[in-house]
file target-v2.pdb (PDB, C-alpha atoms)
ATOM      1  CA  MET L   1     -17.588  93.851  -1.665
ATOM      2  CA  LYS L   2     -19.800  90.976  -2.568
ATOM      3  CA  GLN L   3     -20.806  89.200  -5.716
ATOM      4  CA  ARG L   4     -23.577  90.999  -7.598
ATOM      5  CA  ILE L   5     -25.785  89.641 -10.351
ATOM      6  CA  ILE L   6     -27.314  92.389 -12.454
ATOM      7  CA  SER L   7     -29.874  91.348 -15.027
ATOM      8  CA  PHE L   8     -31.587  93.498 -17.640
ATOM      9  CA  ILE L   9     -33.320  93.502 -20.984
ATOM     10  CA  VAL L  10     -32.005  95.295 -24.076
ATOM     11  CA  SER L  11     -33.369  95.676 -27.584
ATOM     12  CA  ASN L  12     -31.305  93.945 -30.246
ATOM     13  CA  GLN L  13     -29.748  97.032 -31.753
ATOM     14  CA  PRO L  14     -26.099  97.330 -32.755
ATOM     15  CA  GLY L  15     -24.411  99.531 -30.177
ATOM     16  CA  VAL L  16     -26.329  98.489 -27.064
ATOM     17  CA  LEU L  17     -23.660  96.095 -25.837
ATOM     18  CA  SER L  18     -21.018  98.657 -26.648
ATOM     19  CA  ARG L  19     -22.768 101.289 -24.497
ATOM     20  CA  VAL L  20     -23.170  98.816 -21.631
ATOM     21  CA  ALA L  21     -19.531  97.688 -21.819
ATOM     22  CA  GLY L  22     -18.363 101.300 -22.131
ATOM     23  CA  LEU L  23     -20.252 102.325 -19.011
ATOM     24  CA  ILE L  24     -18.698  99.516 -16.987
ATOM     25  CA  SER L  25     -15.174 100.069 -18.266
ATOM     26  CA  ARG L  26     -15.237 103.874 -17.798
ATOM     27  CA  ARG L  27     -15.879 103.227 -14.132
ATOM     28  CA  GLY L  28     -12.958 100.811 -14.027
ATOM     29  CA  PHE L  29     -15.007  97.802 -12.985
ATOM     30  CA  ASN L  30     -13.794  94.386 -13.859
ATOM     31  CA  ILE L  31     -16.603  91.921 -14.354
ATOM     32  CA  ASP L  32     -16.482  88.180 -13.641
ATOM     33  CA  SER L  33     -18.798  87.294 -16.469
ATOM     34  CA  LEU L  34     -21.206  88.761 -18.970
ATOM     35  CA  THR L  35     -23.730  86.911 -21.080
ATOM     36  CA  VAL L  36     -26.047  88.155 -23.793
ATOM     37  CA  GLY L  37     -28.774  85.728 -24.799
ATOM     38  CA  VAL L  38     -32.056  85.970 -26.682
ATOM     39  CA  THR L  39     -35.381  85.959 -24.826
ATOM     40  CA  GLN L  40     -38.865  84.755 -25.821
ATOM     41  CA  ASP L  41     -39.130  87.906 -27.934
ATOM     42  CA  THR L  42     -36.366  87.704 -30.543
ATOM     43  CA  SER L  43     -36.151  91.513 -30.734
ATOM     44  CA  LEU L  44     -34.999  91.584 -27.099
ATOM     45  CA  SER L  45     -31.985  90.083 -25.332
ATOM     46  CA  ARG L  46     -31.166  89.637 -21.694
ATOM     47  CA  ILE L  47     -27.768  90.669 -20.396
ATOM     48  CA  THR L  48     -26.509  89.170 -17.149
ATOM     49  CA  ILE L  49     -23.471  90.741 -15.502
ATOM     50  CA  VAL L  50     -21.655  89.187 -12.559
ATOM     51  CA  MET L  51     -19.278  91.477 -10.698
ATOM     52  CA  ASN L  52     -17.871  92.208  -7.266
ATOM     53  CA  ALA L  53     -18.954  95.539  -5.832
ATOM     54  CA  ASP L  54     -20.184  97.132  -2.601
ATOM     55  CA  ASP L  55     -23.796  98.339  -2.202
ATOM     56  CA  GLN L  56     -23.115 101.917  -3.244
ATOM     57  CA  ILE L  57     -21.260 100.994  -6.430
ATOM     58  CA  ALA L  58     -23.881  98.410  -7.388
ATOM     59  CA  GLN L  59     -26.625 101.015  -7.019
ATOM     60  CA  GLN L  60     -24.641 103.443  -9.174
ATOM     61  CA  VAL L  61     -24.174 100.864 -11.920
ATOM     62  CA  ILE L  62     -27.900 100.078 -11.906
ATOM     63  CA  LYS L  63     -28.842 103.771 -12.093
ATOM     64  CA  GLN L  64     -26.401 104.415 -14.945
ATOM     65  CA  LEU L  65     -27.605 101.348 -16.867
ATOM     66  CA  GLU L  66     -31.211 102.509 -16.512
ATOM     67  CA  LYS L  67     -30.300 105.753 -18.267
ATOM     68  CA  LEU L  68     -28.950 104.008 -21.380
ATOM     69  CA  ILE L  69     -31.007 103.911 -24.570
ATOM     70  CA  ASP L  70     -32.527 100.501 -25.386
ATOM     71  CA  VAL L  71     -31.970  99.217 -21.826
ATOM     72  CA  LYS L  72     -34.876  98.330 -19.518
ATOM     73  CA  HIS L  73     -35.798  96.414 -16.396
ATOM     74  CA  VAL L  74     -32.396  96.640 -14.732
ATOM     75  CA  LYS L  75     -32.477  94.614 -11.545
ATOM     76  CA  GLU L  76     -30.071  93.164  -9.053
ATOM     77  CA  ILE L  77     -30.981  89.561  -8.431
ATOM     78  CA  GLU L  78     -30.446  89.159  -4.709
ATOM     79  CA  SER L  79     -28.193  86.439  -3.332
ATOM     80  CA  GLY L  80     -30.162  83.438  -2.086
ATOM     81  CA  MET L  81     -33.239  84.537  -4.024
ATOM     82  CA  GLN L  82     -32.154  83.186  -7.381
ATOM     83  CA  THR L  83     -31.724  80.112  -9.483
ATOM     84  CA  LEU L  84     -28.318  80.244 -11.119
ATOM     85  CA  SER L  85     -26.761  78.291 -13.914
ATOM     86  CA  GLU L  86     -23.681  78.138 -16.069
ATOM     87  CA  VAL L  87     -22.210  75.583 -18.462
ATOM     88  CA  ALA L  88     -18.553  74.723 -19.016
ATOM     89  CA  LEU L  89     -16.910  72.733 -21.797
ATOM     90  CA  ILE L  90     -13.704  71.184 -20.476
ATOM     91  CA  LYS L  91     -11.124  69.412 -22.629
ATOM     92  CA  LEU L  92      -9.207  66.924 -20.518
ATOM     93  CA  ASN L  93      -6.059  64.967 -21.159
ATOM     94  CA  SER L  94      -7.276  61.353 -21.278
ATOM     95  CA  GLU L  95      -4.149  59.542 -22.422
ATOM     96  CA  LYS L  96      -3.571  58.046 -18.989
ATOM     97  CA  ASN L  97      -5.941  56.947 -16.204
ATOM     98  CA  LYS L  98      -8.865  56.788 -18.635
ATOM     99  CA  VAL L  99     -11.005  54.477 -16.497
ATOM    100  CA  GLU L 100     -10.438  56.563 -13.369
ATOM    101  CA  LEU L 101     -11.165  59.744 -15.334
ATOM    102  CA  MET L 102     -14.453  58.354 -16.666
ATOM    103  CA  GLU L 103     -15.508  57.460 -13.124
ATOM    104  CA  LYS L 104     -14.695  60.960 -11.926
ATOM    105  CA  ILE L 105     -16.656  62.493 -14.837
ATOM    106  CA  GLY L 106     -19.644  60.352 -13.861
ATOM    107  CA  GLN L 107     -19.377  61.413 -10.214
ATOM    108  CA  LEU L 108     -19.426  65.054 -11.266
ATOM    109  CA  TRP L 109     -22.467  64.501 -13.521
ATOM    110  CA  GLY L 110     -20.361  65.500 -16.494
ATOM    111  CA  ARG L 111     -21.434  64.527 -20.006
ATOM    112  CA  VAL L 112     -18.844  63.408 -22.556
ATOM    113  CA  VAL L 113     -19.404  65.447 -25.731
ATOM    114  CA  ASP L 114     -16.268  64.577 -27.722
ATOM    115  CA  MET L 115     -13.317  62.221 -27.687
ATOM    116  CA  GLY L 116     -10.026  62.732 -29.483
ATOM    117  CA  GLU L 117      -7.008  60.441 -29.458
ATOM    118  CA  LYS L 118      -5.471  62.160 -26.484
ATOM    119  CA  THR L 119      -8.317  64.242 -25.078
ATOM    120  CA  THR L 120     -11.905  63.959 -23.872
ATOM    121  CA  THR L 121     -14.236  66.953 -23.840
ATOM    122  CA  ILE L 122     -16.998  67.092 -21.252
ATOM    123  CA  GLU L 123     -19.890  69.407 -20.472
ATOM    124  CA  ILE L 124     -20.696  70.331 -16.850
ATOM    125  CA  THR L 125     -23.744  72.398 -15.921
ATOM    126  CA  GLY L 126     -24.587  73.979 -12.583
ATOM    127  CA  ARG L 127     -23.920  76.850 -10.262
ATOM    128  CA  THR L 128     -20.608  78.612 -10.732
ATOM    129  CA  GLU L 129     -19.213  77.291  -7.422
ATOM    130  CA  TYR L 130     -20.059  73.736  -8.516
ATOM    131  CA  ILE L 131     -18.213  74.227 -11.792
ATOM    132  CA  ASN L 132     -15.227  75.751  -9.954
ATOM    133  CA  GLU L 133     -15.077  72.750  -7.624
ATOM    134  CA  SER L 134     -15.440  70.282 -10.503
ATOM    135  CA  ILE L 135     -12.573  71.961 -12.339
ATOM    136  CA  LYS L 136     -10.407  71.652  -9.210
ATOM    137  CA  GLU L 137     -11.157  67.935  -8.992
ATOM    138  CA  LEU L 138     -10.315  67.459 -12.674
ATOM    139  CA  GLU L 139      -7.051  69.450 -12.630
ATOM    140  CA  HIS L 140      -5.173  66.372 -11.504
ATOM    141  CA  TYR L 141      -5.881  64.680 -14.891
ATOM    142  CA  GLY L 142      -4.685  67.644 -16.931
ATOM    143  CA  ILE L 143      -7.014  70.314 -18.289
ATOM    144  CA  GLU L 144      -6.179  71.329 -21.859
ATOM    145  CA  GLU L 145      -8.864  73.962 -22.405
ATOM    146  CA  ILE L 146     -12.003  75.442 -20.847
ATOM    147  CA  ALA L 147     -14.882  77.456 -22.344
ATOM    148  CA  ARG L 148     -17.416  78.771 -19.802
ATOM    149  CA  THR L 149     -20.581  80.671 -20.564
ATOM    150  CA  GLY L 150     -20.735  82.785 -17.432
ATOM    151  CA  MET L 151     -23.737  82.777 -15.168
ATOM    152  CA  VAL L 152     -27.412  83.422 -15.864
ATOM    153  CA  ALA L 153     -29.993  83.916 -13.132
ATOM    154  CA  LEU L 154     -33.747  84.077 -12.618
ATOM    155  CA  GLU L 155     -35.509  85.028  -9.422
ATOM    156  CA  ARG L 156     -36.946  82.234  -7.327
ATOM    157  CA  GLY L 157     -40.661  81.677  -7.034
ATOM    158  CA  ASP L 158     -43.254  83.342  -9.195
ATOM    159  CA  ILE L 159     -41.515  86.710  -9.634
ATOM    160  CA  VAL L 160     -41.204  87.593 -13.297
ATOM    161  CA  LEU L 161     -39.173  90.416 -14.780
ATOM    162  CA  ASN L 162     -41.451  91.665 -17.509
ATOM    163  CA  ASN L 163     -39.573  91.383 -20.791
ATOM    164  CA  PHE L 164     -42.154  92.829 -23.055
ATOM    165  CA  GLU L 165     -42.431  96.507 -22.323
ATOM    166  CA  LEU L 166     -39.253  97.917 -23.745
TER     167      LEU L 166
ATOM    168  CA  MET M 167     -24.538  84.588 -44.610
ATOM    169  CA  LYS M 168     -24.020  81.783 -42.181
ATOM    170  CA  GLN M 169     -23.647  81.434 -38.450
ATOM    171  CA  ARG M 170     -20.131  82.140 -37.231
ATOM    172  CA  ILE M 171     -18.575  81.279 -33.909
ATOM    173  CA  ILE M 172     -15.577  83.435 -33.084
ATOM    174  CA  SER M 173     -13.601  82.524 -29.998
ATOM    175  CA  PHE M 174     -10.686  84.394 -28.445
ATOM    176  CA  ILE M 175      -8.761  85.028 -25.269
ATOM    177  CA  VAL M 176      -8.538  88.401 -23.533
ATOM    178  CA  SER M 177      -6.705  89.578 -20.447
ATOM    179  CA  ASN M 178      -8.982  90.600 -17.594
ATOM    180  CA  GLN M 179      -8.506  94.337 -17.879
ATOM    181  CA  PRO M 180     -11.304  96.885 -17.618
ATOM    182  CA  GLY M 181     -11.964  98.178 -21.100
ATOM    183  CA  VAL M 182     -11.291  95.024 -23.119
ATOM    184  CA  LEU M 183     -14.948  94.103 -23.469
ATOM    185  CA  SER M 184     -15.757  97.703 -24.295
ATOM    186  CA  ARG M 185     -13.204  97.717 -27.138
ATOM    187  CA  VAL M 186     -14.524  94.420 -28.481
ATOM    188  CA  ALA M 187     -18.160  95.550 -28.313
ATOM    189  CA  GLY M 188     -17.257  98.927 -29.833
ATOM    190  CA  LEU M 189     -15.531  97.266 -32.783
ATOM    191  CA  ILE M 190     -18.561  95.109 -33.512
ATOM    192  CA  SER M 191     -21.091  97.920 -33.113
ATOM    193  CA  ARG M 192     -19.146 100.430 -35.241
ATOM    194  CA  ARG M 193     -19.426  97.970 -38.101
ATOM    195  CA  GLY M 194     -23.155  97.665 -37.486
ATOM    196  CA  PHE M 195     -23.111  93.960 -36.748
ATOM    197  CA  ASN M 196     -25.774  92.498 -34.580
ATOM    198  CA  ILE M 197     -24.612  89.492 -32.654
ATOM    199  CA  ASP M 198     -26.750  86.518 -31.598
ATOM    200  CA  SER M 199     -24.863  85.961 -28.390
ATOM    201  CA  LEU M 200     -21.737  86.923 -26.532
ATOM    202  CA  THR M 201     -20.270  85.243 -23.485
ATOM    203  CA  VAL M 202     -17.297  86.182 -21.341
ATOM    204  CA  GLY M 203     -16.121  83.451 -18.995
ATOM    205  CA  VAL M 204     -12.960  82.791 -16.998
ATOM    206  CA  THR M 205     -10.383  80.235 -18.158
ATOM    207  CA  GLN M 206      -7.924  78.010 -16.287
ATOM    208  CA  ASP M 207      -5.784  81.108 -15.812
ATOM    209  CA  THR M 208      -7.878  83.593 -13.804
ATOM    210  CA  SER M 209      -6.074  86.548 -15.386
ATOM    211  CA  LEU M 210      -7.510  85.541 -18.776
ATOM    212  CA  SER M 211     -11.065  85.211 -20.068
ATOM    213  CA  ARG M 212     -12.485  83.641 -23.177
ATOM    214  CA  ILE M 213     -14.999  85.580 -25.242
ATOM    215  CA  THR M 214     -17.279  83.648 -27.604
ATOM    216  CA  ILE M 215     -19.260  85.619 -30.179
ATOM    217  CA  VAL M 216     -22.006  84.082 -32.306
ATOM    218  CA  MET M 217     -23.105  86.147 -35.303
ATOM    219  CA  ASN M 218     -24.374  85.835 -38.863
ATOM    220  CA  ALA M 219     -21.933  87.042 -41.493
ATOM    221  CA  ASP M 220     -20.502  86.076 -44.879
ATOM    222  CA  ASP M 221     -16.877  84.918 -45.300
ATOM    223  CA  GLN M 222     -15.463  88.332 -46.108
ATOM    224  CA  ILE M 223     -17.075  90.077 -43.129
ATOM    225  CA  ALA M 224     -16.065  87.293 -40.747
ATOM    226  CA  GLN M 225     -12.447  87.586 -41.894
ATOM    227  CA  GLN M 226     -12.591  91.360 -41.358
ATOM    228  CA  VAL M 227     -13.928  90.976 -37.841
ATOM    229  CA  ILE M 228     -11.200  88.482 -36.981
ATOM    230  CA  LYS M 229      -8.460  90.757 -38.372
ATOM    231  CA  GLN M 230      -9.815  93.775 -36.485
ATOM    232  CA  LEU M 231     -10.124  91.808 -33.234
ATOM    233  CA  GLU M 232      -6.516  90.621 -33.597
ATOM    234  CA  LYS M 233      -5.383  94.252 -33.637
ATOM    235  CA  LEU M 234      -7.005  95.082 -30.280
ATOM    236  CA  ILE M 235      -4.872  95.406 -27.161
ATOM    237  CA  ASP M 236      -5.234  92.519 -24.681
ATOM    238  CA  VAL M 237      -6.851  90.259 -27.310
ATOM    239  CA  LYS M 238      -5.139  87.072 -28.527
ATOM    240  CA  HIS M 239      -5.787  83.791 -30.305
ATOM    241  CA  VAL M 240      -8.779  84.936 -32.324
ATOM    242  CA  LYS M 241     -10.192  81.968 -34.197
ATOM    243  CA  GLU M 242     -13.321  81.040 -36.053
ATOM    244  CA  ILE M 243     -14.495  77.656 -34.845
ATOM    245  CA  GLU M 244     -15.660  75.928 -38.016
ATOM    246  CA  SER M 245     -19.130  74.519 -38.268
ATOM    247  CA  GLY M 246     -19.186  70.743 -37.766
ATOM    248  CA  MET M 247     -15.756  70.832 -36.114
ATOM    249  CA  GLN M 248     -16.913  71.948 -32.699
ATOM    250  CA  THR M 249     -18.578  70.890 -29.514
ATOM    251  CA  LEU M 250     -21.182  73.491 -28.585
ATOM    252  CA  SER M 251     -23.131  74.158 -25.458
ATOM    253  CA  GLU M 252     -25.525  76.614 -23.905
ATOM    254  CA  VAL M 253     -27.751  76.610 -20.832
ATOM    255  CA  ALA M 254     -31.212  78.138 -20.464
ATOM    256  CA  LEU M 255     -33.237  78.804 -17.331
ATOM    257  CA  ILE M 256     -36.942  78.719 -18.238
ATOM    258  CA  LYS M 257     -39.732  79.754 -15.869
ATOM    259  CA  LEU M 258     -42.939  77.966 -16.871
ATOM    260  CA  ASN M 259     -46.524  78.463 -15.830
ATOM    261  CA  SER M 260     -47.335  75.269 -13.938
ATOM    262  CA  GLU M 261     -50.756  76.095 -12.521
ATOM    263  CA  LYS M 262     -52.481  73.731 -14.941
ATOM    264  CA  ASN M 263     -51.418  70.438 -16.578
ATOM    265  CA  LYS M 264     -48.702  69.943 -13.966
ATOM    266  CA  VAL M 265     -48.378  66.191 -14.521
ATOM    267  CA  GLU M 266     -48.208  66.581 -18.282
ATOM    268  CA  LEU M 267     -45.685  69.405 -17.907
ATOM    269  CA  MET M 268     -43.445  67.309 -15.651
ATOM    270  CA  GLU M 269     -43.507  64.493 -18.217
ATOM    271  CA  LYS M 270     -42.546  66.920 -20.950
ATOM    272  CA  ILE M 271     -39.700  68.332 -18.831
ATOM    273  CA  GLY M 272     -38.428  64.791 -18.316
ATOM    274  CA  GLN M 273     -38.593  64.038 -22.046
ATOM    275  CA  LEU M 274     -36.530  67.147 -22.767
ATOM    276  CA  TRP M 275     -33.926  66.177 -20.123
ATOM    277  CA  GLY M 276     -34.794  69.349 -18.248
ATOM    278  CA  ARG M 277     -33.881  69.696 -14.580
ATOM    279  CA  VAL M 278     -36.306  71.373 -12.170
ATOM    280  CA  VAL M 279     -34.349  74.015 -10.222
ATOM    281  CA  ASP M 280     -37.176  75.906  -8.499
ATOM    282  CA  MET M 281     -40.892  75.689  -7.853
ATOM    283  CA  GLY M 282     -43.174  78.578  -6.980
ATOM    284  CA  GLU M 283     -46.897  78.464  -6.357
ATOM    285  CA  LYS M 284     -47.727  79.144  -9.961
ATOM    286  CA  THR M 285     -44.438  78.565 -11.748
ATOM    287  CA  THR M 286     -41.731  75.961 -12.203
ATOM    288  CA  THR M 287     -38.210  76.922 -13.276
ATOM    289  CA  ILE M 288     -36.159  74.423 -15.238
ATOM    290  CA  GLU M 289     -32.618  74.250 -16.584
ATOM    291  CA  ILE M 290     -31.950  72.851 -20.071
ATOM    292  CA  THR M 291     -28.430  72.354 -21.425
ATOM    293  CA  GLY M 292     -27.355  71.540 -24.955
ATOM    294  CA  ARG M 293     -26.767  72.907 -28.418
ATOM    295  CA  THR M 294     -28.586  76.119 -29.240
ATOM    296  CA  GLU M 295     -30.918  74.381 -31.744
ATOM    297  CA  TYR M 296     -31.870  71.871 -29.060
ATOM    298  CA  ILE M 297     -32.737  74.660 -26.636
ATOM    299  CA  ASN M 298     -34.724  76.464 -29.345
ATOM    300  CA  GLU M 299     -36.733  73.308 -30.066
ATOM    301  CA  SER M 300     -37.299  72.635 -26.365
ATOM    302  CA  ILE M 301     -38.617  76.172 -25.890
ATOM    303  CA  LYS M 302     -41.023  75.643 -28.799
ATOM    304  CA  GLU M 303     -42.340  72.466 -27.206
ATOM    305  CA  LEU M 304     -42.793  74.243 -23.867
ATOM    306  CA  GLU M 305     -44.537  77.331 -25.249
ATOM    307  CA  HIS M 306     -47.859  75.549 -25.097
ATOM    308  CA  TYR M 307     -47.667  75.516 -21.256
ATOM    309  CA  GLY M 308     -46.882  79.210 -20.985
ATOM    310  CA  ILE M 309     -43.340  80.550 -20.669
ATOM    311  CA  GLU M 310     -43.029  83.341 -18.112
ATOM    312  CA  GLU M 311     -39.343  84.121 -18.449
ATOM    313  CA  ILE M 312     -36.136  82.866 -20.070
ATOM    314  CA  ALA M 313     -32.465  83.510 -19.278
ATOM    315  CA  ARG M 314     -29.990  82.005 -21.760
ATOM    316  CA  THR M 315     -26.214  82.093 -21.527
ATOM    317  CA  GLY M 316     -25.436  82.108 -25.238
ATOM    318  CA  MET M 317     -23.187  79.544 -26.815
ATOM    319  CA  VAL M 318     -19.658  78.429 -25.989
ATOM    320  CA  ALA M 319     -17.590  76.216 -28.267
ATOM    321  CA  LEU M 320     -14.407  74.157 -28.276
ATOM    322  CA  GLU M 321     -12.850  72.483 -31.295
ATOM    323  CA  ARG M 322     -13.374  68.759 -31.665
ATOM    324  CA  GLY M 323     -10.540  66.299 -31.189
ATOM    325  CA  ASP M 324      -7.202  67.159 -29.690
ATOM    326  CA  ILE M 325      -6.868  70.708 -31.044
ATOM    327  CA  VAL M 326      -6.182  73.213 -28.271
ATOM    328  CA  LEU M 327      -6.251  76.975 -28.526
ATOM    329  CA  ASN M 328      -3.299  77.979 -26.411
ATOM    330  CA  ASN M 329      -4.605  80.217 -23.636
ATOM    331  CA  PHE M 330      -1.355  80.931 -21.961
ATOM    332  CA  GLU M 331       0.701  83.118 -24.227
ATOM    333  CA  LEU M 332      -1.105  86.422 -24.013
TER     334      LEU M 332
END

call {"tool": "encode", "arguments": {"input": "target-v2.pdb", "output": "structure tokens"}}
result
Amino acid sequence: MKQRIISFIVSNQPGVLSRVAGLISRRGFNIDSLTVGVTQDTSLSRITIVMNADDQIAQQVIKQLEKLIDVKHVKEIESGMQTLSEVALIKLNSEKNKVELMEKIGQLWGRVVDMGEKTTTIEITGRTEYINESIKELEHYGIEEIARTGMVALERGDIVLNNFEL
Amino acid sequence: MKQRIISFIVSNQPGVLSRVAGLISRRGFNIDSLTVGVTQDTSLSRITIVMNADDQIAQQVIKQLEKLIDVKHVKEIESGMQTLSEVALIKLNSEKNKVELMEKIGQLWGRVVDMGEKTTTIEITGRTEYINESIKELEHYGIEEIARTGMVALERGDIVLNNFEL
């Protein structure tokens, strides 16, 4: 099993996400993350699914997705051939060690987006592994809450998945 | 109708996302974005849904979500009371006006993550409106492809949605 990133375009119709999620759950797959975001064309969205699966299973998922109504351009974005990104909001306990915490946030290229009396919320952007590592380094200060978007990916170089032929 | 951000915690079981998506689609709602990302506790994920709905509909959705198995802590994150974030990968045509494009990317706090012969891929992080405006300013150069995560949100200040009582 390895990590798979499956990217595809759907038309913005109620029910599309439900069909996609139904297909994955019927097969008993558990996904690491799923994002649905708009594209250049507001009538279309891109769904990115990150999951662990072997080659055969991944091919099955892709074939099944391709058969769904309102789904097009299903593609596995190959490891090493992509640019990846995710953003995490992390609410940290900042009652103690505030100076040290601020230094650590700076080292991790975090951006402070809110400060409460007892907590500081930061935003960290990057590859999933980078966010995982940053969270580990911040655990020591006390993490109150995390909201992560899940990963999106585009292929490296000039390759373009054509969005506009659904 | 106004934009609603509904945030909740689910246990990582196959079928949860399917039930959530099914509930939304049966009611004919079209959502702007949906993200599923892991939390501090790897057995739990947070789902963030962004949709347009009036007060009554939003309350209905929340009540229905609360009834689903493996779903807890459903909450609307009130406008003005949140920190919001999203990340977009944007593949731009960079064959012409490269210097001007690089200046523009810098102005928008974009980060170059890949360069092809004809294209440059950048990462932009921020509130959804900020990403929308950045995309508008970049359209002039030619946008080849966009992958957006959709929005995540945490409440401002010290308020914490308890993740750990599912």

call {"tool": "residues_around", "arguments": {"input": "target-v2.pdb", "residues": "Tyr296 in chain M", "least_positions_apart": "3", "cutoff": "12 Å", "atoms": "all atoms listed in the file", "output": "list in words"}}
result
Leu250, Ser251, Glu252, Val253, Ala254, Leu274, Trp275, Gly276, Ile290, Thr291, Gly292, Arg293, Glu299, Ser300, Ile301, Lys302, Glu303 and Met317 of chain M

call {"tool": "residues_around", "arguments": {"input": "target-v2.pdb", "residues": "Glu117 in chain L", "least_positions_apart": "2", "cutoff": "8 Å", "atoms": "all atoms listed in the file", "output": "number ranges by chain"}}
result
L: 95, 115, 119; M: 323-324

call {"tool": "interface_residues", "arguments": {"input": "target-v2.pdb", "of": "chain M", "to": "chain L", "cutoff": "7 Å", "atoms": "all atoms listed in the file", "output": "MDAnalysis selection string"}}
result
chainID M and resid 179:181 183:184 187:188 191 194:196 199:206 212 249 252:253 279:285 310:320 322:324 326

call {"tool": "closest_residue", "arguments": {"input": "target-v2.pdb", "among": "L:Leu138, L:Ala53, L:Ile77, L:Leu65", "to": "Glu103 in chain L", "atoms": "all atoms listed in the file"}}
result
L:Leu138

call {"tool": "axis_aligned_box", "arguments": {"input": "target-v2.pdb", "around": "range 36-41 of chain L", "padding_each_side": "4 Å", "output": "JSON"}}
result
{"center_x": -32.6, "center_y": 86.5, "center_z": -25.9, "size_x": 21.1, "size_y": 11.4, "size_z": 12.1}

call {"tool": "atom_distance", "arguments": {"input": "target-v2.pdb", "atom1": "CA of Val216 in chain M", "atom2": "CA of Arg170 in chain M"}}
result
5.6 Å

call {"tool": "atom_distance", "arguments": {"input": "target-v2.pdb", "atom1": "CA of Lys233 in chain M", "atom2": "CA of Ser177 in chain M"}}
result
14.1 Å

call {"tool": "resolve_selection", "arguments": {"input": "target-v2.pdb", "expression": "the PyMOL selection byres ((chain L and resi 73) around 7)", "output": "list in words"}}
result
Phe8, Ile9, Lys72, Val74 and Lys75 of chain L
